[in-house]
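Read the structure below first, then the notes.
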Amino acid sequence: MEIIRDIIVYILLGALLSWFFYYFRYKDLIGGFTGGTIVGLLGSVLGVLLFRKPFTVILDFLQNGMYISNVDLFTGIICGYLALFVYNKINHDKTRKDY
């Protein structure tokens, strides 16, 4: 049951980051909001796997998922954001025109 909750948190984290890029910053992501969600999800998961140890001392509260889940929220947000940033740069930093 705990692993299902963690998967849901990762999906929501990817969707939140995709929303930030796609709807808030009006960036034209390849695949739109769904493509951004997938890239944000992958970036969050990879970031947590690769960078969790350096942040453990500093950000204990966020790394414990605010005591709701086992997901490292800080590293997930940072690395998911970086993944979407690079994803946007691959698409030549295009801005959507559908205001």
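Residue numbering restarts at 1 for every chain of the structure tokens, chains are lettered A, B, ... in their displayed order, and ligands are numbered from 1 as they appear.
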
Lys94 of chain A: which residues within 9 Å, counting only C-alpha atoms, same-chain residues fewer than 4 positions away excluded, as a VMD selection string? chain A and resid 26 to 29 88 to 89

Output the selection as an mmCIF file, in the first residue's frame - N, CA and C atoms for each residue.
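Now in selection.cif:
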```
data_model
loop_
_atom_site.group_PDB
_atom_site.id
_atom_site.type_symbol
_atom_site.label_atom_id
_atom_site.label_comp_id
_atom_site.auth_asym_id
_atom_site.auth_seq_id
_atom_site.Cartn_x
_atom_site.Cartn_y
_atom_site.Cartn_z
ATOM 1 N N TYR A 26 3.510 29.102 -20.026
ATOM 2 C CA TYR A 26 3.111 28.999 -21.432
ATOM 3 C C TYR A 26 4.222 28.458 -22.328
ATOM 4 N N LYS A 27 4.937 27.445 -21.871
ATOM 5 C CA LYS A 27 5.984 26.830 -22.676
ATOM 6 C C LYS A 27 5.376 25.715 -23.514
ATOM 7 N N ASP A 28 5.801 25.638 -24.773
ATOM 8 C CA ASP A 28 5.304 24.638 -25.698
ATOM 9 C C ASP A 28 6.131 23.375 -25.543
ATOM 10 N N LEU A 29 5.641 22.428 -24.757
ATOM 11 C CA LEU A 29 6.354 21.177 -24.520
ATOM 12 C C LEU A 29 5.955 20.161 -25.578
ATOM 13 N N ASN A 88 12.253 21.597 -22.427
ATOM 14 C CA ASN A 88 11.809 22.820 -23.083
ATOM 15 C C ASN A 88 12.910 23.386 -23.978
ATOM 16 N N LYS A 89 14.149 23.328 -23.536
ATOM 17 C CA LYS A 89 15.266 23.833 -24.341
ATOM 18 C C LYS A 89 15.449 23.001 -25.606
#
```

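Every protein, DNA or RNA residue with an atom at most 7 Å from segment 35-47 of chain A, where only C-alpha atoms count and chain neighbours fewer than 4 positions away do not, is listed here: Tyr10, Ile11, Leu13, Gly14, Ala15, Leu17, Ser18, Leu29, Ile30, Gly31, Phe51, Thr75, Gly76, Ile77, Cys79, Gly80, Tyr81, Ala83 and Leu84 of chain A.
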
Please, which residues of chain A, numbered as in this document, come out alpha helix (DSSP H) from DSSP, as JSON, numbers by chain? {"A": [2, 3, 4, 5, 6, 7, 8, 9, 10, 11, 12, 13, 14, 15, 16, 17, 18, 19, 32, 33, 34, 35, 36, 37, 38, 39, 40, 41, 42, 43, 44, 45, 46, 47, 48, 49, 50, 51, 52, 53, 54, 55, 60, 61, 62, 63, 73, 74, 75, 76, 77, 78, 79, 80, 81, 82, 83, 84, 85, 86, 87, 88, 89, 90]}

How many Å separate atom CA of Val48 of chain A from atom CA of Thr34 of chain A? 21.1 Å

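The two atoms in question, atom CA of Arg25 of chain A and atom CA of Val86 of chain A, are spaced 14.6 Å apart.
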
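Going from atom CA of Trp19 of chain A to atom CA of Lys97 of chain A covers 16.0 Å.
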